[in-house]
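What's in target_3.cif: mmCIF, C-alpha atoms and all ligand atoms
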data_final
#
loop_
_atom_site.label_atom_id
_atom_site.label_comp_id
_atom_site.auth_asym_id
_atom_site.auth_seq_id
_atom_site.Cartn_x
_atom_site.Cartn_y
_atom_site.Cartn_z
CA MET A 28 -7.36 -34.17 -57.66
CA LEU A 29 -9.93 -32.27 -55.74
CA ILE A 30 -10.72 -28.68 -55.09
CA LYS A 31 -13.01 -27.11 -52.61
CA ILE A 32 -13.83 -23.64 -51.55
CA ALA A 33 -15.08 -23.52 -48.02
CA LYS A 34 -17.58 -21.11 -46.63
CA PRO A 35 -16.03 -19.38 -43.63
CA SER A 36 -18.48 -21.29 -41.43
CA ASP A 37 -17.11 -24.60 -42.69
CA LEU A 38 -13.80 -23.78 -41.16
CA CYS A 39 -14.77 -22.96 -37.58
CA GLU A 40 -14.46 -26.61 -36.78
CA SER A 41 -11.38 -27.22 -38.86
CA ALA A 42 -9.50 -24.36 -37.26
CA VAL A 43 -9.00 -26.49 -34.18
CA THR A 44 -8.05 -29.72 -35.94
CA PRO A 45 -4.46 -30.49 -36.88
CA GLU A 46 -3.24 -29.57 -40.32
CA SER A 47 -3.25 -33.19 -41.42
CA THR A 48 -6.95 -33.62 -40.70
CA TYR A 49 -9.19 -33.28 -43.68
CA LEU A 50 -12.87 -32.60 -43.60
CA SER A 51 -15.48 -34.24 -45.75
CA ARG A 52 -15.79 -33.55 -49.44
CA ARG A 53 -18.51 -31.32 -50.73
CA ARG A 54 -19.45 -29.97 -54.08
CA PHE A 55 -17.87 -26.67 -54.92
CA MET A 56 -20.60 -24.04 -55.14
CA GLY A 57 -19.82 -20.59 -53.79
CA GLY A 58 -16.72 -18.47 -54.01
CA MET A 59 -15.96 -18.56 -57.66
CA ALA A 60 -19.56 -18.55 -58.85
CA GLY A 61 -19.70 -16.44 -61.95
CA LEU A 62 -16.00 -16.87 -62.60
CA GLY A 63 -15.51 -20.52 -63.36
CA ALA A 64 -19.11 -20.51 -64.49
CA GLY A 65 -20.39 -23.97 -65.22
CA LEU A 66 -17.28 -25.72 -64.03
CA ALA A 67 -18.07 -27.51 -60.81
CA LEU A 68 -15.00 -28.63 -58.92
CA SER A 69 -15.19 -30.96 -55.99
CA GLY A 70 -12.64 -31.03 -53.25
CA ARG A 71 -11.43 -31.27 -49.69
CA VAL A 72 -10.96 -28.72 -47.00
CA ARG A 73 -7.76 -28.60 -45.07
CA ALA A 74 -7.78 -27.17 -41.60
CA SER A 75 -6.30 -23.69 -41.60
CA THR A 76 -2.62 -24.09 -42.24
CA ASP A 77 -0.26 -23.01 -39.51
CA TYR A 78 2.36 -20.56 -40.73
CA SER A 79 3.53 -19.41 -37.31
CA ASP A 80 7.17 -20.18 -38.16
CA VAL A 81 7.06 -18.19 -41.42
CA PRO A 82 8.66 -14.73 -41.20
CA ASP A 83 6.28 -11.81 -41.69
CA GLY A 84 6.47 -9.77 -44.83
CA ASP A 85 6.27 -6.00 -45.11
CA ALA A 86 2.95 -5.72 -46.91
CA PRO A 87 1.05 -2.42 -47.12
CA ALA A 88 -1.98 -2.30 -44.82
CA TRP A 89 -4.62 -3.00 -47.50
CA LEU A 90 -2.73 -6.11 -48.63
CA GLN A 91 -2.02 -7.36 -45.12
CA GLU A 92 -5.72 -7.09 -44.29
CA LYS A 93 -6.67 -9.23 -47.26
CA LEU A 94 -3.96 -11.76 -46.59
CA ASP A 95 -5.17 -12.16 -43.02
CA ALA A 96 -8.83 -12.39 -44.02
CA SER A 97 -8.04 -14.99 -46.62
CA ARG A 98 -6.62 -17.44 -44.14
CA GLN A 99 -10.20 -18.45 -43.39
CA ARG A 100 -10.66 -20.03 -46.73
CA VAL A 101 -8.47 -22.89 -47.76
CA ILE A 102 -8.68 -24.87 -50.95
CA VAL A 103 -6.69 -28.03 -51.13
CA PRO A 104 -6.17 -29.61 -54.47
CA ASP A 105 -3.38 -31.85 -53.25
CA ASP A 106 -3.07 -35.42 -52.15
CA PRO A 107 -2.11 -35.19 -48.48
CA GLU A 108 -0.14 -38.45 -48.59
CA ARG A 109 2.08 -37.38 -51.43
CA ASP A 110 1.97 -33.64 -51.33
CA GLU A 111 3.43 -32.17 -48.19
CA ILE A 112 3.83 -28.40 -48.26
CA ALA A 113 7.48 -27.45 -48.76
CA PRO A 114 9.14 -25.56 -45.89
CA PHE A 115 9.00 -21.80 -46.51
CA ASP A 116 12.81 -21.67 -46.60
CA ASP A 117 12.92 -24.02 -49.57
CA ALA A 118 10.14 -22.26 -51.46
CA SER A 119 11.81 -18.88 -50.92
CA GLY A 120 15.43 -20.00 -51.19
CA TYR A 121 15.53 -22.21 -54.28
CA ASN A 122 14.14 -20.15 -57.14
CA ASN A 123 14.26 -19.42 -60.83
CA PHE A 124 14.06 -15.70 -61.53
CA TYR A 125 16.60 -14.87 -64.22
CA GLU A 126 16.11 -11.13 -63.76
CA PHE A 127 18.22 -11.61 -60.63
CA GLY A 128 20.69 -14.19 -61.95
CA SER A 129 20.64 -17.76 -63.16
CA SER A 130 21.65 -19.72 -60.06
CA LYS A 131 18.97 -21.00 -57.69
CA SER A 132 20.24 -18.86 -54.81
CA ASP A 133 20.55 -15.60 -56.78
CA PRO A 134 16.89 -14.52 -56.48
CA ALA A 135 16.87 -14.83 -52.68
CA ARG A 136 20.19 -13.01 -52.51
CA TYR A 137 19.48 -10.16 -54.90
CA ALA A 138 15.73 -9.59 -55.16
CA GLY A 139 15.31 -8.18 -51.66
CA ASN A 140 15.60 -4.56 -52.67
CA LEU A 141 13.14 -4.66 -55.55
CA ASP A 142 10.72 -1.82 -54.92
CA THR A 143 7.20 -3.23 -55.27
CA GLN A 144 5.27 -0.27 -53.82
CA PRO A 145 3.58 1.35 -55.52
CA TRP A 146 2.98 -1.11 -58.36
CA SER A 147 0.67 -0.96 -61.33
CA VAL A 148 -0.23 -3.25 -64.18
CA VAL A 149 -1.24 -2.20 -67.69
CA VAL A 150 -4.18 -4.18 -69.06
CA ASP A 151 -4.43 -3.58 -72.79
CA GLY A 152 -4.89 -5.02 -76.27
CA GLU A 153 -8.21 -6.51 -77.36
CA VAL A 154 -10.25 -5.18 -74.43
CA ASN A 155 -13.06 -2.66 -74.05
CA ASN A 156 -12.06 -1.75 -70.53
CA GLY A 157 -8.30 -1.49 -70.38
CA GLY A 158 -5.92 0.90 -68.68
CA ARG A 159 -3.31 1.09 -65.99
CA LEU A 160 -4.51 -0.46 -62.77
CA ALA A 161 -2.97 0.00 -59.35
CA LEU A 162 -2.18 -3.28 -57.62
CA GLU A 163 -5.06 -2.61 -55.18
CA ASP A 164 -7.46 -2.44 -58.11
CA ILE A 165 -6.18 -5.62 -59.73
CA ALA A 166 -6.69 -7.35 -56.40
CA SER A 167 -10.24 -6.04 -56.11
CA PRO A 168 -12.09 -9.27 -55.21
CA PRO A 169 -12.87 -8.84 -51.51
CA ARG A 170 -10.86 -11.85 -50.42
CA PHE A 171 -8.03 -13.98 -51.65
CA GLU A 172 -8.25 -17.72 -52.05
CA GLU A 173 -5.61 -20.04 -50.73
CA ARG A 174 -4.54 -22.66 -53.25
CA ILE A 175 -2.10 -25.37 -52.35
CA TYR A 176 -0.56 -26.37 -55.68
CA ARG A 177 2.26 -28.51 -56.97
CA LEU A 178 4.83 -26.49 -58.90
CA ARG A 179 6.70 -28.69 -61.40
CA CYS A 180 9.72 -27.07 -63.04
CA VAL A 181 10.71 -28.24 -66.52
CA GLU A 182 14.11 -29.03 -64.95
CA ALA A 183 12.41 -31.98 -63.18
CA TRP A 184 12.18 -30.73 -59.61
CA SER A 185 8.95 -29.81 -57.83
CA MET A 186 7.53 -28.32 -54.65
CA VAL A 187 4.11 -27.92 -53.07
CA ILE A 188 3.38 -24.27 -52.33
CA PRO A 189 0.36 -22.62 -50.66
CA TRP A 190 -0.47 -19.51 -52.70
CA LEU A 191 -2.86 -16.67 -51.90
CA GLY A 192 -4.45 -14.89 -54.79
CA ILE A 193 -7.34 -14.29 -57.12
CA PRO A 194 -8.53 -16.13 -60.21
CA LEU A 195 -7.00 -14.55 -63.32
CA ALA A 196 -10.50 -14.83 -64.80
CA ALA A 197 -11.66 -12.01 -62.50
CA VAL A 198 -9.15 -9.59 -64.05
CA ILE A 199 -9.89 -10.69 -67.60
CA LYS A 200 -13.64 -10.43 -67.18
CA ARG A 201 -13.35 -6.93 -65.86
CA ALA A 202 -11.21 -5.95 -68.86
CA ASP A 203 -14.08 -7.08 -71.11
CA PRO A 204 -12.20 -8.78 -73.99
CA THR A 205 -13.33 -8.08 -77.54
CA SER A 206 -14.30 -10.93 -79.86
CA LYS A 207 -10.80 -10.84 -81.34
CA ALA A 208 -9.06 -11.77 -78.08
CA ARG A 209 -7.77 -15.35 -78.28
CA TYR A 210 -4.63 -15.31 -76.11
CA VAL A 211 -3.28 -13.52 -73.06
CA ARG A 212 0.28 -12.21 -73.06
CA PHE A 213 2.15 -11.27 -69.87
CA GLU A 214 5.30 -9.21 -69.29
CA THR A 215 7.60 -8.90 -66.29
CA LEU A 216 9.12 -5.61 -65.18
CA VAL A 217 12.23 -4.38 -66.99
CA ASP A 218 14.49 -2.40 -64.66
CA PRO A 219 18.21 -3.14 -65.02
CA GLU A 220 19.00 -0.86 -62.07
CA GLN A 221 17.03 -3.06 -59.73
CA MET A 222 17.37 -6.35 -61.61
CA ARG A 223 21.01 -7.22 -61.88
CA GLY A 224 20.38 -10.15 -64.24
CA GLN A 225 19.15 -7.63 -66.82
CA ARG A 226 22.50 -5.83 -66.72
CA SER A 227 24.48 -8.92 -67.68
CA SER A 228 25.52 -9.07 -71.32
CA PHE A 229 25.61 -12.89 -71.05
CA SER A 230 21.90 -13.12 -70.40
CA LEU A 231 20.02 -15.56 -72.60
CA ILE A 232 16.75 -13.75 -72.28
CA ASP A 233 15.63 -10.89 -74.47
CA TRP A 234 13.88 -8.78 -71.78
CA PRO A 235 11.11 -8.46 -70.83
CA TYR A 236 10.38 -12.04 -69.78
CA VAL A 237 7.20 -12.90 -71.68
CA GLU A 238 4.62 -15.62 -71.19
CA GLY A 239 1.30 -16.47 -72.75
CA LEU A 240 -1.82 -18.55 -72.36
CA ARG A 241 -4.74 -19.41 -74.58
CA LEU A 242 -7.78 -17.44 -73.42
CA ASP A 243 -9.57 -20.58 -72.20
CA GLU A 244 -6.50 -21.60 -70.17
CA ALA A 245 -6.34 -18.12 -68.70
CA MET A 246 -10.04 -18.25 -67.74
CA HIS A 247 -9.74 -21.68 -66.13
CA PRO A 248 -10.55 -21.58 -62.39
CA LEU A 249 -7.22 -23.20 -61.47
CA THR A 250 -5.30 -20.29 -63.03
CA ILE A 251 -4.54 -17.62 -60.45
CA LEU A 252 -2.67 -14.40 -59.94
CA ALA A 253 -0.87 -14.79 -56.62
CA LEU A 254 -0.10 -11.91 -54.26
CA GLY A 255 0.91 -14.06 -51.32
CA MET A 256 2.15 -17.43 -50.16
CA TYR A 257 2.38 -19.16 -46.78
CA GLY A 258 -0.19 -16.72 -45.39
CA ARG A 259 1.98 -13.65 -46.09
CA GLU A 260 2.88 -11.43 -49.01
CA LEU A 261 5.05 -12.93 -51.75
CA PRO A 262 8.76 -12.65 -51.09
CA ASN A 263 10.36 -10.70 -53.94
CA GLN A 264 12.23 -13.78 -55.16
CA ASN A 265 8.89 -15.51 -55.72
CA GLY A 266 7.60 -12.75 -57.99
CA ALA A 267 6.23 -9.98 -55.79
CA PRO A 268 3.94 -8.24 -55.89
CA LEU A 269 1.95 -10.22 -58.48
CA ARG A 270 2.73 -13.43 -60.34
CA LEU A 271 0.89 -15.99 -62.39
CA VAL A 272 0.39 -19.56 -61.17
CA VAL A 273 -0.74 -22.19 -63.70
CA PRO A 274 -0.33 -25.45 -61.82
CA TRP A 275 -0.73 -27.95 -64.69
CA LYS A 276 2.06 -26.35 -66.74
CA TYR A 277 5.82 -26.29 -66.28
CA GLY A 278 6.95 -23.62 -63.86
CA PHE A 279 8.34 -21.27 -66.51
CA LYS A 280 4.77 -20.40 -67.54
CA SER A 281 4.16 -18.94 -64.07
CA ILE A 282 5.61 -15.50 -64.84
CA LYS A 283 6.70 -13.27 -61.96
CA SER A 284 6.45 -9.56 -61.11
CA ILE A 285 3.92 -8.82 -63.84
CA VAL A 286 3.55 -5.28 -65.20
CA ARG A 287 1.50 -5.91 -68.32
CA ILE A 288 -1.38 -8.20 -69.27
CA SER A 289 -2.46 -7.97 -72.90
CA LEU A 290 -5.35 -9.67 -74.62
CA VAL A 291 -4.13 -10.52 -78.12
CA GLU A 292 -5.21 -12.19 -81.35
CA GLU A 293 -1.99 -14.07 -82.13
CA GLN A 294 -0.29 -16.75 -80.06
CA PRO A 295 2.50 -15.03 -78.09
CA VAL A 296 6.09 -16.24 -78.29
CA ASN A 297 7.19 -16.88 -74.73
CA SER A 298 10.75 -16.25 -73.55
CA TRP A 299 11.90 -19.88 -73.31
CA GLN A 300 10.36 -20.73 -76.67
CA ARG A 301 12.29 -17.86 -78.21
CA ILE A 302 15.56 -19.12 -76.72
CA ALA A 303 15.15 -22.80 -77.65
CA PRO A 304 12.00 -23.57 -79.66
CA GLU A 305 12.88 -27.26 -80.03
CA GLU A 306 13.07 -27.63 -76.24
CA TYR A 307 10.36 -25.35 -74.86
CA GLY A 308 6.96 -24.90 -76.45
CA PHE A 309 4.00 -22.60 -76.01
CA TYR A 310 1.82 -25.13 -74.17
CA ALA A 311 4.38 -26.54 -71.70
CA ASN A 312 1.80 -28.83 -70.13
CA VAL A 313 3.41 -31.16 -67.59
CA ASN A 314 3.56 -34.49 -69.38
CA PRO A 315 5.53 -37.54 -68.20
CA ARG A 316 5.26 -39.12 -71.66
CA VAL A 317 6.88 -36.28 -73.60
CA ASP A 318 10.53 -35.96 -72.62
CA HIS A 319 12.66 -32.89 -72.86
CA PRO A 320 15.21 -33.49 -75.66
CA ARG A 321 17.97 -33.63 -73.04
CA TRP A 322 16.28 -35.39 -70.10
CA SER A 323 13.33 -37.51 -69.07
CA GLN A 324 10.15 -35.92 -67.73
CA ALA A 325 8.82 -39.22 -66.31
CA THR A 326 9.95 -38.47 -62.76
CA GLU A 327 10.76 -35.45 -60.62
CA ARG A 328 12.75 -34.56 -57.50
CA ARG A 329 10.23 -33.45 -54.90
CA LEU A 330 11.82 -30.82 -52.66
CA PRO A 331 12.98 -30.76 -49.97
CA ASN A 332 15.31 -33.64 -50.67
CA SER A 333 18.91 -34.57 -50.04
CA LEU A 334 21.68 -36.66 -51.49
CA PHE A 335 20.66 -39.51 -49.19
CA SER A 336 16.94 -39.23 -49.82
CA PRO A 337 16.53 -37.91 -53.35
CA ASN A 338 12.75 -38.15 -53.03
CA THR A 339 12.19 -39.07 -56.65
CA ILE A 340 8.51 -39.48 -57.52
CA ASP A 341 6.56 -40.17 -60.71
CA THR A 342 5.44 -37.12 -62.64
CA LEU A 343 1.68 -37.01 -63.17
CA MET A 344 -0.09 -36.08 -66.39
CA PHE A 345 -0.97 -32.37 -66.27
CA ASN A 346 0.87 -32.37 -62.93
CA GLY A 347 -2.05 -34.25 -61.35
CA TYR A 348 -4.75 -31.84 -62.57
CA ALA A 349 -5.95 -33.92 -65.54
CA ASP A 350 -9.52 -34.20 -64.23
CA GLU A 351 -9.81 -30.43 -64.36
CA VAL A 352 -7.88 -29.53 -67.50
CA ALA A 353 -7.55 -32.49 -69.89
CA GLU A 354 -10.68 -31.41 -71.76
CA LEU A 355 -8.97 -28.16 -72.76
CA TYR A 356 -6.69 -30.22 -74.98
CA ALA A 357 -9.13 -32.73 -76.49
CA GLY A 358 -8.00 -33.51 -80.02
CA LEU A 359 -4.69 -31.69 -79.68
CA ASP A 360 -1.48 -33.66 -80.37
CA LEU A 361 0.43 -33.02 -77.14
CA ARG A 362 3.65 -34.37 -78.63
CA LYS A 363 3.60 -31.71 -81.33
CA ASN A 364 2.11 -29.04 -79.09
CA PHE A 365 4.56 -29.55 -76.24
N1 LIG B 401 9.92 -13.15 -64.80
C1 LIG B 401 10.26 -14.42 -64.57
N2 LIG B 401 9.31 -15.30 -64.19
C2 LIG B 401 9.65 -16.60 -63.96
C3 LIG B 401 10.98 -17.04 -64.13
C4 LIG B 401 11.97 -16.08 -64.52
O1 LIG B 401 13.17 -16.38 -64.67
N3 LIG B 401 11.57 -14.79 -64.72
N4 LIG B 401 11.28 -18.37 -63.91
C5 LIG B 401 10.18 -19.34 -64.04
C6 LIG B 401 10.53 -20.69 -63.65
S1 LIG B 401 11.58 -21.54 -64.69
C7 LIG B 401 9.99 -21.30 -62.55
S2 LIG B 401 10.28 -22.92 -62.21
C8 LIG B 401 9.15 -20.54 -61.60
C9 LIG B 401 9.72 -20.66 -60.20
O2 LIG B 401 8.88 -20.07 -59.26
P1 LIG B 401 9.31 -20.03 -57.71
O3 LIG B 401 10.69 -19.47 -57.67
O4 LIG B 401 8.30 -19.18 -57.04
O5 LIG B 401 9.28 -21.46 -57.24
O6 LIG B 401 9.07 -19.16 -61.93
C10 LIG B 401 8.92 -18.87 -63.31
N5 LIG B 401 8.67 -17.46 -63.53
MO MO B 402 11.33 -23.74 -64.18
#

Spit out the file's structure as structure tokens when you get a sec.
Ligand SMILES: Nc1nc2c(c(=O)[nH]1)N[C@H]1C(S)=C(S)[C@@H](COP(=O)(O)O)O[C@H]1N2
Ligand SMILES: [Mo]
Amino acid sequence: MLIKIAKPSDLCESAVTPESTYLSRRRFMGGMAGLGAGLALSGRVRASTDYSDVPDGDAPAWLQEKLDASRQRVIVPDDPERDEIAPFDDASGYNNFYEFGSSKSDPARYAGNLDTQPWSVVVDGEVNNGGRLALEDIASPPRFEERIYRLRCVEAWSMVIPWLGIPLAAVIKRADPTSKARYVRFETLVDPEQMRGQRSSFSLIDWPYVEGLRLDEAMHPLTILALGMYGRELPNQNGAPLRLVVPWKYGFKSIKSIVRISLVEEQPVNSWQRIAPEEYGFYANVNPRVDHPRWSQATERRLPNSLFSPNTIDTLMFNGYADEVAELYAGLDLRKNF
């Protein structure tokens, strides 16, 4: 797996080559300097991706400007042979977002009216510089980065999605964690009027939806807060206006529509762990050798697929990001810490 951040000048040439053409590899230097300090990632550049068939969003001007500017800079951690970007309709039509219902089509059907403007996020807990930040202030780095990542759901399906966002590390650094901060805890909006899944008395989840990361996982350069995908703002069903993306972990870690980010001392209990602790753990690292108690995790259905071409592929350790993240778990028993 390879990552590369291109200087805008690198892409002049690539802008006229087809999407499938990849430029030479170079060492990663710029872009994230100071964020992923010390962690050099190498990678490939993909020619600017063409999203001309993707419907426009309705982003506020400041966000639209950043989304447009960010199209210059493409980071491709995927294997072009294996990892074709999913059609926008699949990525925005087949979703898990229990706040809007538990079937895969519910989020696309019911999330449309979620009011995401204005939006603010509380940053609190073990920080010296916390407070309530407007979305514009959370997204303060001058440009977004495009990251084309595999998303592997614990239910054994997966998609490749091009996100636009900022490293979570940028937000955490600015909050200036105290020496007690060891984990990061995230919460999704609670608003039963807008989120029909929260009105149902059959709901499994004790709202808000909660997720957590160890601080070093949260600071890792692959971990991003996404504000867009496919060159546009996030559709509501994908977690607008701000969602986490942690590509080496099962999809449920990538919490949507975030309203609170807390630096904490104790390991948070995430929503799925609370519901079924023997089935869903805190770490949730993608691991083909550790099965779910009720199904195998050795393979996955790569979407789009069909009855006639199920497109079953082998699941990769850490979802294919082992070179970047395996060292975070040195000495940890991944069978116990699943
Ligand atoms: N708040 C919230 N975040 C959530 C979920 C959810 O139900 N509620 N589902 C998770 C699961 S199980 C997956 S697989 C991914 C799906 O992201 P996508 O719909 O953008 O593909 O979102 C995750 N984030
Ligand atoms: Mo999932």

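The spacing separating CA of Leu160 (chain A) from CA of Val148 (chain A) amounts to 5.3 Å.
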
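Among the candidate residues A:Ser79, A:Asn312, A:Gln264, A:Ser206, the one lying nearest to Tyr356 (chain A) is A:Asn312, with distances computed using all atoms listed in the file.
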
Handout entry: Distance in Å - CA of Glu351 (chain A) versus CA of Ile193 (chain A)
Key = 17.9 Å

Return as lines of an AutoDock Vina configuration file the box centre and box size in Å, one decimal, for an axis-aligned box around all listed atoms of region 326-334 of chain A padded by 6 Å per side.
center_x = 15.8
center_y = -34.6
center_z = -56.4
size_x = 23.7
size_y = 19.7
size_z = 24.8

Kindly provide the residues of chain A that approach ligand LIG 401 (chain B) to within 7 Å, each paired with its closest atom pair and their distance in Å to one decimal, based on only C-alpha atoms and all ligand atoms, listed by chain and increasing number, as a tab-separated table.
residue	atom	partner	partner_atom	distance
A:Ala118	CA	B:LIG401	O5	5.9
A:Ser119	CA	B:LIG401	O3	6.9
A:Tyr121	CA	B:LIG401	O3	6.5
A:Asn122	CA	B:LIG401	O3	3.6
A:Asn123	CA	B:LIG401	N4	4.4
A:Phe124	CA	B:LIG401	O1	3.3
A:Tyr125	CA	B:LIG401	O1	3.8
A:Glu126	CA	B:LIG401	N3	5.9
A:Leu178	CA	B:LIG401	O5	6.9
A:Arg179	CA	B:LIG401	S2	6.8
A:Cys180	CA	B:LIG401	S2	4.3
A:Val181	CA	B:LIG401	S2	6.9
A:Thr215	CA	B:LIG401	N1	5.1
A:Tyr236	CA	B:LIG401	N1	5.1
A:Gln264	CA	B:LIG401	O3	6.4
A:Asn265	CA	B:LIG401	O4	3.9
A:Gly266	CA	B:LIG401	O4	6.5
A:Tyr277	CA	B:LIG401	S2	6.9
A:Gly278	CA	B:LIG401	S2	3.8
A:Phe279	CA	B:LIG401	C5	3.6
A:Lys280	CA	B:LIG401	C10	6.1
A:Ser281	CA	B:LIG401	N5	4.8
A:Ile282	CA	B:LIG401	N2	3.8
A:Lys283	CA	B:LIG401	N2	4.0
A:Ser284	CA	B:LIG401	N1	6.2

With C-alpha atoms kept, could you save the residues just selected as a tab-separated table (two decimals), keeping the file's coordinate frame?
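Just written: result.tsv:
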chain	number	residue	atom	x	y	z
A	118	ALA	CA	10.14	-22.26	-51.46
A	119	SER	CA	11.81	-18.88	-50.92
A	121	TYR	CA	15.53	-22.21	-54.28
A	122	ASN	CA	14.14	-20.15	-57.14
A	123	ASN	CA	14.26	-19.42	-60.83
A	124	PHE	CA	14.06	-15.70	-61.53
A	125	TYR	CA	16.60	-14.87	-64.22
A	126	GLU	CA	16.11	-11.13	-63.76
A	178	LEU	CA	4.83	-26.49	-58.90
A	179	ARG	CA	6.70	-28.69	-61.40
A	180	CYS	CA	9.72	-27.07	-63.04
A	181	VAL	CA	10.71	-28.24	-66.52
A	215	THR	CA	7.60	-8.90	-66.29
A	236	TYR	CA	10.38	-12.04	-69.78
A	264	GLN	CA	12.23	-13.78	-55.16
A	265	ASN	CA	8.89	-15.51	-55.72
A	266	GLY	CA	7.60	-12.75	-57.99
A	277	TYR	CA	5.82	-26.29	-66.28
A	278	GLY	CA	6.95	-23.62	-63.86
A	279	PHE	CA	8.34	-21.27	-66.51
A	280	LYS	CA	4.77	-20.40	-67.54
A	281	SER	CA	4.16	-18.94	-64.07
A	282	ILE	CA	5.61	-15.50	-64.84
A	283	LYS	CA	6.70	-13.27	-61.96
A	284	SER	CA	6.45	-9.56	-61.11

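One finds atom MO of ligand MO 402 (chain B) at 13.2 Å from CA of Pro134 (chain A).
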
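Considering only C-alpha atoms, the residue among A:Asn346, A:Asn338, A:Ser130, A:Ser333 positioned nearest to Arg316 (chain A) is A:Asn346.
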
Handout entry: Surrounding residues of region 81-90 of chain A excluding itself and chain neighbours under 4 positions, 10 Å, only C-alpha atoms, as number ranges by chain
Key = A: 77, 94-96, 114-116, 143-145, 162-163, 166, 171, 254-255, 257-263, 268

Problem - Proximity to Gly128 (chain A) - best of A:Ser97, A:Ser323, A:Thr205, A:Ser227, only C-alpha atoms - result: A:Ser227

Completion exercise
In terms of only C-alpha atoms, the residue from A:Ala138, A:Leu249, A:Val291, A:Ile199 at minimal distance from Tyr348 (chain A) is A:Leu249

Problem - Nearby residues (all atoms listed in the file) at most 6 Å from Gly308 (chain A), same-chain spacing under 3 positions excluded, as an MDAnalysis selection string - result: chainID A and resid 300 311 365

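Residue neighbourhood of Asp341 (chain A), excluding near-sequence residues (fewer than 4 positions): Pro315, Gln324, Ala325, Thr326, Glu327, Arg328, Arg329 and Asn346 of chain A, at 10 Å, using only C-alpha atoms.
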
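Between ligand MO 402 (chain B) and the candidates A:Lys276, A:Arg136, A:Arg321, A:Lys200, the tightest atom-to-atom separation, counting all atoms listed in the file, involves A:Lys276.
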
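Shortest atom-to-atom contact with ligand MO 402 (chain B) among A:Ser185, A:Gln225, A:Asn314, A:Gln294: A:Ser185, counting only C-alpha atoms and all ligand atoms.
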
7 Å contact set for Ala161 (chain A), all atoms listed in the file, chain neighbours under 3 positions out, as a PDB file with C-alpha atoms, in the coordinates of the input:
ATOM      1  CA  TRP A 146       2.980  -1.110 -58.360  1.00  0.00           C
ATOM      2  CA  SER A 147       0.670  -0.960 -61.330  1.00  0.00           C
ATOM      3  CA  VAL A 148      -0.230  -3.250 -64.180  1.00  0.00           C
ATOM      4  CA  ASP A 164      -7.460  -2.440 -58.110  1.00  0.00           C
ATOM      5  CA  ILE A 165      -6.180  -5.620 -59.730  1.00  0.00           C
TER       6      ILE A 165
END

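All polymer residues at most 6 Å from (16.3, -19.2, -71.9), using only C-alpha atoms, appear as A:Leu231, A:Ile232, A:Trp299, A:Ile302.
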
Using C-alpha atoms, can you write the selected residues to a file as a compact mmCIF listing (two decimals), in the coordinates of the input?
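Done, and the output landed in selection-v3.txt:
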# COMPACT_ATOMS: atom_id res chain seq x y z
CA LEU A 231 20.02 -15.56 -72.60
CA ILE A 232 16.75 -13.75 -72.28
CA TRP A 299 11.90 -19.88 -73.31
CA ILE A 302 15.56 -19.12 -76.72

Output region 195-202 of chain A as a CSV table (one decimal), in the frame of the given file, making sure N, CA, C and O atoms are there.
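Output file part.csv is given in full below:
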chain,number,residue,atom,x,y,z
A,195,LEU,N,-7.3,-15.5,-62.2
A,195,LEU,CA,-7.0,-14.6,-63.3
A,195,LEU,C,-8.3,-14.2,-64.1
A,195,LEU,O,-8.4,-13.1,-64.6
A,196,ALA,N,-9.2,-15.1,-64.1
A,196,ALA,CA,-10.5,-14.8,-64.8
A,196,ALA,C,-11.2,-13.5,-64.3
A,196,ALA,O,-11.8,-12.8,-65.1
A,197,ALA,N,-11.0,-13.2,-63.0
A,197,ALA,CA,-11.7,-12.0,-62.5
A,197,ALA,C,-11.1,-10.8,-63.2
A,197,ALA,O,-11.9,-9.8,-63.5
A,198,VAL,N,-9.8,-10.7,-63.4
A,198,VAL,CA,-9.2,-9.6,-64.0
A,198,VAL,C,-9.5,-9.5,-65.5
A,198,VAL,O,-9.8,-8.4,-66.1
A,199,ILE,N,-9.6,-10.7,-66.2
A,199,ILE,CA,-9.9,-10.7,-67.6
A,199,ILE,C,-11.3,-10.3,-67.8
A,199,ILE,O,-11.6,-9.5,-68.7
A,200,LYS,N,-12.2,-10.8,-67.0
A,200,LYS,CA,-13.6,-10.4,-67.2
A,200,LYS,C,-13.9,-8.9,-67.1
A,200,LYS,O,-14.6,-8.3,-67.8
A,201,ARG,N,-13.2,-8.4,-66.1
A,201,ARG,CA,-13.4,-6.9,-65.9
A,201,ARG,C,-12.8,-6.1,-67.0
A,201,ARG,O,-13.3,-5.1,-67.4
A,202,ALA,N,-11.8,-6.7,-67.7
A,202,ALA,CA,-11.2,-6.0,-68.9
A,202,ALA,C,-12.1,-6.0,-70.1
A,202,ALA,O,-12.0,-5.3,-71.0
